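Just work.tsv here, TSV, N, CA and C atoms and all ligand atoms:
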```
chain	number	residue	atom	x	y	z
T	27	MET	N	-1.83	25.31	11.91
T	27	MET	CA	-2.76	24.39	11.25
T	27	MET	C	-2.18	22.98	11.28
T	28	ASP	N	-2.81	22.05	11.94
T	28	ASP	CA	-2.29	20.68	11.97
T	28	ASP	C	-3.28	19.69	11.39
T	29	GLY	N	-4.34	20.20	10.78
T	29	GLY	CA	-5.29	19.31	10.12
T	29	GLY	C	-6.36	18.76	11.03
T	30	GLN	N	-6.30	19.10	12.32
T	30	GLN	CA	-7.29	18.53	13.25
T	30	GLN	C	-8.66	19.14	13.09
T	31	ASP	N	-8.72	20.33	12.44
T	31	ASP	CA	-10.01	20.97	12.22
T	31	ASP	C	-10.70	20.44	10.96
T	32	ILE	N	-10.04	19.57	10.24
T	32	ILE	CA	-10.57	19.04	8.98
T	32	ILE	C	-11.19	17.66	9.21
T	33	ASP	N	-12.38	17.44	8.63
T	33	ASP	CA	-13.01	16.11	8.71
T	33	ASP	C	-12.43	15.23	7.59
T	34	TRP	N	-11.26	14.67	7.86
T	34	TRP	CA	-10.55	13.89	6.84
T	34	TRP	C	-11.34	12.64	6.45
T	35	LYS	N	-12.08	12.07	7.40
T	35	LYS	CA	-12.88	10.86	7.08
T	35	LYS	C	-13.95	11.19	6.05
T	36	ALA	N	-14.57	12.35	6.17
T	36	ALA	CA	-15.59	12.77	5.19
T	36	ALA	C	-14.95	12.99	3.82
T	37	LEU	N	-13.76	13.57	3.81
T	37	LEU	CA	-13.07	13.79	2.54
T	37	LEU	C	-12.66	12.46	1.90
T	38	GLU	N	-12.19	11.55	2.72
T	38	GLU	CA	-11.82	10.22	2.21
T	38	GLU	C	-13.05	9.54	1.59
T	39	ALA	N	-14.17	9.59	2.29
T	39	ALA	CA	-15.40	8.95	1.80
T	39	ALA	C	-15.84	9.60	0.49
T	40	ALA	N	-15.73	10.91	0.38
T	40	ALA	CA	-16.13	11.60	-0.85
T	40	ALA	C	-15.19	11.24	-2.00
T	41	ALA	N	-13.91	11.08	-1.69
T	41	ALA	CA	-12.93	10.70	-2.73
T	41	ALA	C	-13.21	9.28	-3.21
T	42	VAL	N	-13.53	8.38	-2.29
T	42	VAL	CA	-13.83	6.99	-2.67
T	42	VAL	C	-15.10	6.96	-3.52
T	43	ALA	N	-16.11	7.72	-3.11
T	43	ALA	CA	-17.36	7.76	-3.88
T	43	ALA	C	-17.10	8.31	-5.29
T	44	ALA	N	-16.27	9.34	-5.38
T	44	ALA	CA	-15.94	9.92	-6.69
T	44	ALA	C	-15.20	8.90	-7.55
T	45	MET	N	-14.26	8.19	-6.93
T	45	MET	CA	-13.46	7.19	-7.66
T	45	MET	C	-14.37	6.17	-8.34
T	46	LYS	N	-15.49	5.86	-7.72
T	46	LYS	CA	-16.41	4.85	-8.29
T	46	LYS	C	-17.07	5.34	-9.59
T	47	ASN	N	-16.99	6.64	-9.86
T	47	ASN	CA	-17.51	7.19	-11.12
T	47	ASN	C	-16.46	7.28	-12.21
T	48	ALA	N	-15.24	6.87	-11.91
T	48	ALA	CA	-14.14	7.04	-12.87
T	48	ALA	C	-14.43	6.33	-14.20
T	49	TYR	N	-13.92	6.93	-15.25
T	49	TYR	CA	-13.96	6.29	-16.59
T	49	TYR	C	-12.50	6.02	-16.94
T	50	ALA	N	-12.05	4.81	-16.66
T	50	ALA	CA	-10.63	4.49	-16.84
T	50	ALA	C	-10.45	3.15	-17.54
T	51	PRO	N	-11.05	3.01	-18.76
T	51	PRO	CA	-10.97	1.72	-19.45
T	51	PRO	C	-9.58	1.41	-19.98
T	52	TYR	N	-8.72	2.41	-20.12
T	52	TYR	CA	-7.40	2.19	-20.72
T	52	TYR	C	-6.36	1.86	-19.66
T	53	SER	N	-6.26	2.69	-18.66
T	53	SER	CA	-5.28	2.42	-17.60
T	53	SER	C	-5.83	1.42	-16.59
T	54	LYS	N	-7.13	1.32	-16.50
T	54	LYS	CA	-7.77	0.52	-15.44
T	54	LYS	C	-7.25	0.96	-14.06
T	55	PHE	N	-7.09	2.28	-13.95
T	55	PHE	CA	-6.58	2.88	-12.71
T	55	PHE	C	-7.52	4.01	-12.30
T	56	PRO	N	-8.66	3.64	-11.71
T	56	PRO	CA	-9.61	4.68	-11.31
T	56	PRO	C	-9.05	5.54	-10.17
T	57	VAL	N	-9.36	6.82	-10.25
T	57	VAL	CA	-8.89	7.78	-9.23
T	57	VAL	C	-10.07	8.64	-8.80
T	58	GLY	N	-10.12	8.94	-7.52
T	58	GLY	CA	-11.12	9.88	-6.99
T	58	GLY	C	-10.43	10.92	-6.15
T	59	ALA	N	-10.92	12.15	-6.22
T	59	ALA	CA	-10.35	13.24	-5.43
T	59	ALA	C	-11.48	14.03	-4.79
T	60	ALA	N	-11.23	14.52	-3.60
T	60	ALA	CA	-12.22	15.35	-2.92
T	60	ALA	C	-11.50	16.46	-2.16
T	61	ALA	N	-12.19	17.58	-2.04
T	61	ALA	CA	-11.58	18.71	-1.34
T	61	ALA	C	-12.64	19.48	-0.56
T	62	LEU	N	-12.19	20.08	0.51
T	62	LEU	CA	-13.03	20.96	1.32
T	62	LEU	C	-12.79	22.39	0.88
T	63	THR	N	-13.87	23.13	0.66
T	63	THR	CA	-13.74	24.53	0.24
T	63	THR	C	-13.78	25.45	1.46
T	64	GLY	N	-13.42	26.70	1.20
T	64	GLY	CA	-13.40	27.68	2.28
T	64	GLY	C	-14.75	27.89	2.93
T	65	ASP	N	-15.83	27.68	2.18
T	65	ASP	CA	-17.17	27.87	2.76
T	65	ASP	C	-17.81	26.54	3.17
T	66	GLY	N	-17.00	25.50	3.27
T	66	GLY	CA	-17.48	24.25	3.88
T	66	GLY	C	-18.08	23.23	2.93
T	67	ARG	N	-18.05	23.53	1.61
T	67	ARG	CA	-18.52	22.53	0.66
T	67	ARG	C	-17.46	21.45	0.48
T	68	ILE	N	-17.94	20.26	0.06
T	68	ILE	CA	-17.00	19.24	-0.41
T	68	ILE	C	-17.20	19.12	-1.91
T	69	VAL	N	-16.12	19.29	-2.66
T	69	VAL	CA	-16.16	19.12	-4.12
T	69	VAL	C	-15.31	17.89	-4.45
T	70	SER	N	-15.66	17.24	-5.55
T	70	SER	CA	-14.95	16.00	-5.86
T	70	SER	C	-14.82	15.83	-7.37
T	71	GLY	N	-14.04	14.82	-7.75
T	71	GLY	CA	-13.85	14.54	-9.16
T	71	GLY	C	-13.26	13.16	-9.37
T	72	CYS	N	-13.39	12.66	-10.60
T	72	CYS	CA	-12.81	11.36	-10.96
T	72	CYS	C	-12.06	11.52	-12.27
T	73	ASN	N	-11.17	10.57	-12.55
T	73	ASN	CA	-10.47	10.65	-13.84
T	73	ASN	C	-11.38	10.20	-14.97
T	74	VAL	N	-11.21	10.84	-16.12
T	74	VAL	CA	-12.00	10.56	-17.31
T	74	VAL	C	-11.01	10.40	-18.47
T	75	GLU	N	-10.83	9.15	-18.89
T	75	GLU	CA	-9.83	8.88	-19.92
T	75	GLU	C	-10.40	9.05	-21.32
T	76	ASN	N	-9.52	8.91	-22.31
T	76	ASN	CA	-9.92	9.12	-23.70
T	76	ASN	C	-9.14	8.16	-24.58
T	77	ALA	N	-9.76	7.72	-25.69
T	77	ALA	CA	-9.07	6.83	-26.63
T	77	ALA	C	-7.80	7.48	-27.17
T	78	SER	N	-7.79	8.80	-27.22
T	78	SER	CA	-6.56	9.53	-27.50
T	78	SER	C	-5.89	9.76	-26.15
T	79	TYR	N	-5.06	8.83	-25.74
T	79	TYR	CA	-4.63	8.72	-24.34
T	79	TYR	C	-4.20	10.04	-23.70
T	80	GLY	N	-3.49	10.85	-24.50
T	80	GLY	CA	-2.96	12.09	-23.93
T	80	GLY	C	-4.02	13.08	-23.52
T	81	LEU	N	-5.24	12.87	-23.93
T	81	LEU	CA	-6.32	13.79	-23.58
T	81	LEU	C	-6.98	13.45	-22.25
T	82	THR	N	-6.49	12.41	-21.61
T	82	THR	CA	-7.05	11.98	-20.32
T	82	THR	C	-7.14	13.13	-19.33
T	83	LEU	N	-8.27	13.18	-18.65
T	83	LEU	CA	-8.46	14.17	-17.59
T	83	LEU	C	-8.25	13.48	-16.24
T	84	CYS	N	-7.38	14.02	-15.44
T	84	CYS	CA	-7.17	13.48	-14.10
T	84	CYS	C	-8.37	13.84	-13.21
T	85	ALA	N	-8.47	13.14	-12.10
T	85	ALA	CA	-9.56	13.40	-11.16
T	85	ALA	C	-9.56	14.86	-10.70
T	86	GLU	N	-8.38	15.43	-10.57
T	86	GLU	CA	-8.27	16.81	-10.09
T	86	GLU	C	-8.85	17.79	-11.10
T	87	CYS	N	-8.85	17.40	-12.39
T	87	CYS	CA	-9.43	18.29	-13.42
T	87	CYS	C	-10.92	18.43	-13.18
T	88	SER	N	-11.60	17.30	-12.98
T	88	SER	CA	-13.04	17.42	-12.77
T	88	SER	C	-13.34	18.03	-11.41
T	89	LEU	N	-12.42	17.85	-10.45
T	89	LEU	CA	-12.62	18.48	-9.13
T	89	LEU	C	-12.61	20.01	-9.24
T	90	VAL	N	-11.65	20.56	-9.95
T	90	VAL	CA	-11.62	22.02	-10.04
T	90	VAL	C	-12.79	22.53	-10.90
T	91	GLY	N	-13.23	21.72	-11.88
T	91	GLY	CA	-14.43	22.08	-12.62
T	91	GLY	C	-15.64	22.10	-11.71
T	92	ASN	N	-15.73	21.10	-10.86
T	92	ASN	CA	-16.83	21.02	-9.89
T	92	ASN	C	-16.78	22.21	-8.93
T	93	LEU	N	-15.57	22.59	-8.53
T	93	LEU	CA	-15.41	23.76	-7.64
T	93	LEU	C	-16.02	25.00	-8.29
T	94	GLN	N	-15.63	25.25	-9.53
T	94	GLN	CA	-16.12	26.44	-10.23
T	94	GLN	C	-17.62	26.39	-10.46
T	95	MET	N	-18.10	25.19	-10.81
T	95	MET	CA	-19.52	25.04	-11.15
T	95	MET	C	-20.44	25.11	-9.94
T	96	THR	N	-19.89	24.97	-8.76
T	96	THR	CA	-20.75	24.96	-7.57
T	96	THR	C	-20.52	26.18	-6.67
T	97	GLY	N	-19.97	27.24	-7.25
T	97	GLY	CA	-19.85	28.46	-6.47
T	97	GLY	C	-18.45	29.02	-6.36
T	98	GLY	N	-17.46	28.30	-6.91
T	98	GLY	CA	-16.09	28.80	-6.86
T	98	GLY	C	-15.50	28.72	-5.47
T	99	GLY	N	-14.56	29.60	-5.22
T	99	GLY	CA	-13.89	29.61	-3.92
T	99	GLY	C	-12.56	28.91	-3.98
T	100	LEU	N	-12.01	28.65	-2.78
T	100	LEU	CA	-10.67	28.09	-2.66
T	100	LEU	C	-10.69	26.79	-1.88
T	101	LEU	N	-9.62	26.03	-2.06
T	101	LEU	CA	-9.53	24.69	-1.46
T	101	LEU	C	-8.75	24.75	-0.14
T	102	ARG	N	-9.34	24.18	0.90
T	102	ARG	CA	-8.69	24.17	2.22
T	102	ARG	C	-8.02	22.85	2.52
T	103	ALA	N	-8.58	21.75	1.99
T	103	ALA	CA	-8.03	20.43	2.28
T	103	ALA	C	-8.31	19.52	1.10
T	104	PHE	N	-7.38	18.61	0.81
T	104	PHE	CA	-7.46	17.78	-0.40
T	104	PHE	C	-7.10	16.34	-0.08
T	105	TYR	N	-7.85	15.41	-0.71
T	105	TYR	CA	-7.62	13.97	-0.48
T	105	TYR	C	-7.85	13.26	-1.80
T	106	CYS	N	-6.93	12.37	-2.18
T	106	CYS	CA	-7.02	11.65	-3.46
T	106	CYS	C	-6.79	10.16	-3.20
T	107	VAL	N	-7.58	9.33	-3.88
T	107	VAL	CA	-7.46	7.88	-3.65
T	107	VAL	C	-7.38	7.11	-4.97
T	108	ASP	N	-6.79	5.91	-4.86
T	108	ASP	CA	-6.78	4.98	-5.98
T	108	ASP	C	-7.95	4.01	-5.83
T	109	ALA	N	-7.96	2.97	-6.67
T	109	ALA	CA	-9.08	2.02	-6.69
T	109	ALA	C	-9.27	1.30	-5.36
T	110	HIS	N	-8.20	1.19	-4.58
T	110	HIS	CA	-8.28	0.49	-3.30
T	110	HIS	C	-8.59	1.42	-2.14
T	111	GLY	N	-8.78	2.68	-2.47
T	111	GLY	CA	-9.03	3.66	-1.42
T	111	GLY	C	-7.75	4.12	-0.74
T	112	ASN	N	-6.60	3.72	-1.32
T	112	ASN	CA	-5.33	4.18	-0.75
T	112	ASN	C	-5.03	5.61	-1.19
T	113	ILE	N	-4.38	6.35	-0.32
T	113	ILE	CA	-4.02	7.74	-0.64
T	113	ILE	C	-3.11	7.76	-1.86
T	114	LEU	N	-3.41	8.70	-2.76
T	114	LEU	CA	-2.63	8.84	-3.99
T	114	LEU	C	-2.09	10.27	-4.05
T	115	MET	N	-0.84	10.40	-4.41
T	115	MET	CA	-0.25	11.73	-4.60
T	115	MET	C	-0.73	12.31	-5.93
T	116	PRO	N	-1.14	13.58	-5.94
T	116	PRO	CA	-1.50	14.20	-7.22
T	116	PRO	C	-0.28	14.29	-8.14
T	117	CYS	N	-0.50	14.08	-9.43
T	117	CYS	CA	0.60	14.17	-10.39
T	117	CYS	C	1.07	15.63	-10.47
T	118	GLY	N	2.18	15.85	-11.16
T	118	GLY	CA	2.75	17.19	-11.22
T	118	GLY	C	1.80	18.22	-11.81
T	119	ARG	N	1.15	17.86	-12.91
T	119	ARG	CA	0.20	18.79	-13.54
T	119	ARG	C	-0.92	19.14	-12.56
T	120	CYS	N	-1.37	18.16	-11.82
T	120	CYS	CA	-2.49	18.40	-10.92
T	120	CYS	C	-2.08	19.19	-9.69
T	121	ARG	N	-0.81	19.11	-9.31
T	121	ARG	CA	-0.34	19.98	-8.23
T	121	ARG	C	-0.47	21.44	-8.68
T	122	GLN	N	-0.20	21.68	-9.96
T	122	GLN	CA	-0.35	23.03	-10.50
T	122	GLN	C	-1.83	23.45	-10.50
T	123	LEU	N	-2.72	22.52	-10.85
T	123	LEU	CA	-4.16	22.84	-10.81
T	123	LEU	C	-4.59	23.21	-9.40
T	124	LEU	N	-4.12	22.43	-8.43
T	124	LEU	CA	-4.48	22.70	-7.03
T	124	LEU	C	-3.90	24.04	-6.58
T	125	TYR	N	-2.69	24.35	-7.04
T	125	TYR	CA	-2.02	25.59	-6.65
T	125	TYR	C	-2.87	26.81	-7.00
T	126	GLU	N	-3.46	26.75	-8.19
T	126	GLU	CA	-4.27	27.88	-8.67
T	126	GLU	C	-5.44	28.19	-7.72
T	127	PHE	N	-5.99	27.14	-7.11
T	127	PHE	CA	-7.21	27.30	-6.31
T	127	PHE	C	-6.96	27.06	-4.83
T	128	ARG	N	-5.71	27.15	-4.40
T	128	ARG	CA	-5.38	26.87	-3.00
T	128	ARG	C	-5.83	28.00	-2.08
T	129	ALA	N	-6.38	27.63	-0.94
T	129	ALA	CA	-6.52	28.60	0.14
T	129	ALA	C	-5.12	28.75	0.74
T	130	PRO	N	-4.87	29.84	1.47
T	130	PRO	CA	-3.50	30.07	1.97
T	130	PRO	C	-2.94	28.89	2.76
T	131	GLU	N	-3.80	28.19	3.48
T	131	GLU	CA	-3.30	27.09	4.31
T	131	GLU	C	-3.74	25.73	3.79
T	132	LEU	N	-3.89	25.60	2.46
T	132	LEU	CA	-4.34	24.31	1.91
T	132	LEU	C	-3.52	23.15	2.46
T	133	GLN	N	-4.23	22.13	2.95
T	133	GLN	CA	-3.58	20.94	3.47
T	133	GLN	C	-3.86	19.78	2.54
T	134	ILE	N	-2.82	19.06	2.21
T	134	ILE	CA	-2.93	17.96	1.26
T	134	ILE	C	-2.58	16.66	1.97
T	135	MET	N	-3.52	15.71	1.93
T	135	MET	CA	-3.24	14.40	2.54
T	135	MET	C	-2.31	13.63	1.60
T	136	THR	N	-1.19	13.20	2.13
T	136	THR	CA	-0.22	12.46	1.30
T	136	THR	C	0.11	11.14	1.98
T	137	THR	N	0.87	10.34	1.26
T	137	THR	CA	1.31	9.06	1.82
T	137	THR	C	2.25	9.28	3.00
T	138	GLN	N	2.75	10.49	3.16
T	138	GLN	CA	3.64	10.84	4.29
T	138	GLN	C	2.93	11.72	5.31
T	139	GLY	N	1.60	11.72	5.28
T	139	GLY	CA	0.86	12.58	6.20
T	139	GLY	C	0.47	13.88	5.54
T	140	ILE	N	-0.05	14.80	6.35
T	140	ILE	CA	-0.56	16.07	5.81
T	140	ILE	C	0.61	16.98	5.42
T	141	LYS	N	0.52	17.53	4.21
T	141	LYS	CA	1.55	18.45	3.74
T	141	LYS	C	0.92	19.73	3.22
T	142	THR	N	1.73	20.77	3.12
T	142	THR	CA	1.26	22.03	2.56
T	142	THR	C	1.52	22.05	1.06
T	143	MET	N	0.87	23.02	0.41
T	143	MET	CA	1.09	23.18	-1.04
T	143	MET	C	2.56	23.44	-1.33
T	144	ASP	N	3.20	24.29	-0.51
T	144	ASP	CA	4.61	24.61	-0.74
T	144	ASP	C	5.49	23.36	-0.64
T	145	GLN	N	5.08	22.42	0.19
T	145	GLN	CA	5.88	21.20	0.31
T	145	GLN	C	5.75	20.30	-0.91
T	146	VAL	N	4.56	20.26	-1.51
T	146	VAL	CA	4.38	19.36	-2.66
T	146	VAL	C	4.66	20.06	-4.00
T	147	LEU	N	4.69	21.40	-3.99
T	147	LEU	CA	5.02	22.13	-5.23
T	147	LEU	C	5.83	23.37	-4.87
T	148	PRO	N	7.10	23.15	-4.48
T	148	PRO	CA	7.91	24.31	-4.08
T	148	PRO	C	8.24	25.22	-5.26
T	149	ASP	N	8.42	26.51	-4.95
T	149	ASP	CA	8.81	27.49	-5.97
T	149	ASP	C	7.85	27.48	-7.18
T	150	ALA	N	6.56	27.39	-6.87
T	150	ALA	CA	5.57	27.22	-7.94
T	150	ALA	C	5.47	28.43	-8.84
T	151	PHE	N	5.20	28.15	-10.10
T	151	PHE	CA	4.76	29.18	-11.04
T	151	PHE	C	3.31	29.48	-10.71
T	152	GLY	N	2.94	30.76	-10.73
T	152	GLY	CA	1.55	31.07	-10.40
T	152	GLY	C	1.11	32.41	-10.94
T	153	PRO	N	-0.10	32.81	-10.58
T	153	PRO	CA	-0.67	34.06	-11.11
T	153	PRO	C	0.23	35.27	-10.88
T	154	HIS	N	1.01	35.25	-9.78
T	154	HIS	CA	1.86	36.41	-9.48
T	154	HIS	C	2.93	36.63	-10.56
T	155	HIS	N	3.29	35.54	-11.27
T	155	HIS	CA	4.30	35.70	-12.32
T	155	HIS	C	3.77	36.45	-13.54
T	156	LEU	N	2.46	36.55	-13.62
T	156	LEU	CA	1.86	37.21	-14.79
T	156	LEU	C	1.63	38.69	-14.55
T	157	GLU	N	1.92	39.14	-13.31
T	157	GLU	CA	1.67	40.54	-12.99
T	157	GLU	C	2.77	41.44	-13.52
T	158	GLU	N	2.40	42.63	-13.98
T	158	GLU	CA	3.39	43.63	-14.40
T	158	GLU	C	3.81	44.43	-13.17
T	159	PRO	N	5.01	45.03	-13.10
T	159	PRO	CA	6.09	44.84	-14.07
T	159	PRO	C	6.87	43.56	-13.78
T	160	ARG	N	7.52	43.03	-14.78
T	160	ARG	CA	8.31	41.82	-14.60
T	160	ARG	C	9.71	42.13	-14.21
W	201	LIG	N1	-4.55	10.19	-12.46
W	201	LIG	C1	-5.36	11.06	-11.82
W	201	LIG	O1	-6.58	11.07	-12.03
W	201	LIG	N2	-4.82	11.95	-10.94
W	201	LIG	C2	-3.48	11.97	-10.62
W	201	LIG	O2	-3.04	12.87	-9.92
W	201	LIG	C3	-2.62	10.88	-11.09
W	201	LIG	C4	-3.11	10.15	-12.29
W	201	LIG	C5	-5.15	9.27	-13.44
W	201	LIG	C6	-4.87	9.61	-14.87
W	201	LIG	C7	-5.06	8.26	-15.55
W	201	LIG	O3	-6.43	8.13	-15.89
W	201	LIG	C8	-4.74	7.24	-14.48
W	201	LIG	O4	-4.66	7.96	-13.25
W	201	LIG	C9	-3.42	6.52	-14.71
W	201	LIG	O5	-2.38	7.42	-14.90
```
For this file, write the structure as structure tokens.
Ligand code: THU
Amino acid sequence: MDGQDIDWKALEAAAVAAMKNAYAPYSKFPVGAAALTGDGRIVSGCNVENASYGLTLCAECSLVGNLQMTGGGLLRAFYCVDAHGNILMPCGRCRQLLYEFRAPELQIMTTQGIKTMDQVLPDAFGPHHLEEPR
């Protein structure tokens, strides 16, 4: 998998469009995220901040909500942008969100090019840790 089968331009456009819906009056740092699902849908999300700052929802939070609300499934490719449309790395918490819904070969667009989930979140905690026996 080298990412050539993914329409990265479409994902970038969806991430930019999502970013324009951001509610970021406190940080003034709008974020948009978009992902391709296993069945070919594009799901997206924006950050939604809160006056109680710690309750802020990252763009990836609404993206995984959108994934579930539109049929579920797994993520094959992911793209996140800032207000300028520049590629943004998902924060640590959001790497964990993406991990939960990753397709086996999830590709993540990063500032260093396309990376795998294992590269951006090595030795991840995941559903397998909850299985018996321990
Ligand atoms: N943010 C995201 O939406 N996703 C990330 O992965 C990084 C951070 C948002 C949260 C907050 O609204 C703003 O960026 C500044 O931290």
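Once only N, CA and C atoms and all ligand atoms are used for the distance check, the residues close to ligand LIG 201 (chain W) at 7 Å turn out to be Tyr49, Ala50, Ser53, Lys54, Phe55, Pro56, Val57, Gly58, Cys72, Asn73, Val74, Glu75, Thr82, Leu83, Cys84, Ala85, Glu86, Cys87, Leu114, Met115, Pro116, Cys117, Gly118, Cys120 and Arg121 of chain T.
Taking atom CA of T:Glu157 as the reference point, atom CA of T:Thr96 is found at 27.8 Å.
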Just want the 7 Å neighbourhood of stretch 143-156 of chain T, counted on all atoms listed in the file, with same-chain residues fewer than 3 positions away dropped. Output as a PyMOL selection string.
chain T and resi 121+125-126+131-134
Within chain T, find each residue whose DSSP state, derived from the backbone, is helix (DSSP H, G or I), and express the selection as a ChimeraX atom specification.
/T:34-45,79-81,85-95,118-126,143-146,153-156
Residues at most 6.5 Å from T:Leu37, counting only N, CA and C atoms, excluding those fewer than 5 positions away in the same chain, as a list in words?
Val42, Ala60, Ala61 and Tyr105 of chain T
Output N, CA and C atoms for every residue in that selection, as a CSV table (one decimal), keeping the file's coordinate frame.
```csv
chain,number,residue,atom,x,y,z
T,42,VAL,N,-13.5,8.4,-2.3
T,42,VAL,CA,-13.8,7.0,-2.7
T,42,VAL,C,-15.1,7.0,-3.5
T,60,ALA,N,-11.2,14.5,-3.6
T,60,ALA,CA,-12.2,15.4,-2.9
T,60,ALA,C,-11.5,16.5,-2.2
T,61,ALA,N,-12.2,17.6,-2.0
T,61,ALA,CA,-11.6,18.7,-1.3
T,61,ALA,C,-12.6,19.5,-0.6
T,105,TYR,N,-7.8,15.4,-0.7
T,105,TYR,CA,-7.6,14.0,-0.5
T,105,TYR,C,-7.8,13.3,-1.8
```
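Atom CA of T:Trp34 is found 18.6 Å from atom CA of T:Lys46.
Atom CA of T:Asp31 is positioned 29.0 Å from atom CA of T:Ala48.
For the set T:Ala40, T:Tyr52, T:Asn47, T:Leu124, the residue with the smallest atom-to-atom gap to T:Tyr79 is T:Tyr52, counting all atoms listed in the file.
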For T:Cys106, the closest of T:Ser78, T:Thr142, T:Thr137, T:Gln122 counting only C-alpha atoms is T:Thr137
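Minimum distance to T:Gly98 across T:Met135, T:Leu123, T:Gly64, T:Gly111 (counting only N, CA and C atoms) occurs at T:Gly64.
Checking T:Gln30, T:Ser70, T:Asn112, T:Thr63 one by one against T:Ala43, counting only C-alpha atoms, you find the shortest gap at T:Ser70.
Restricting the calculation to only N, CA and C atoms, the smallest distance between T:Val90 and any of T:Ala129, T:Val69, T:Ala77, T:Ala109 is found for T:Val69.
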Kindly provide, as JSON, the centre and edge lengths (Å, one decimal) of an axis-aligned box around all atoms of stretch 93-102 of chain T given in the file, with 8 Å on each side.
```
{"center_x": -14.4, "center_y": 26.1, "center_z": -4.3, "size_x": 28.7, "size_y": 23.0, "size_z": 29.7}
```
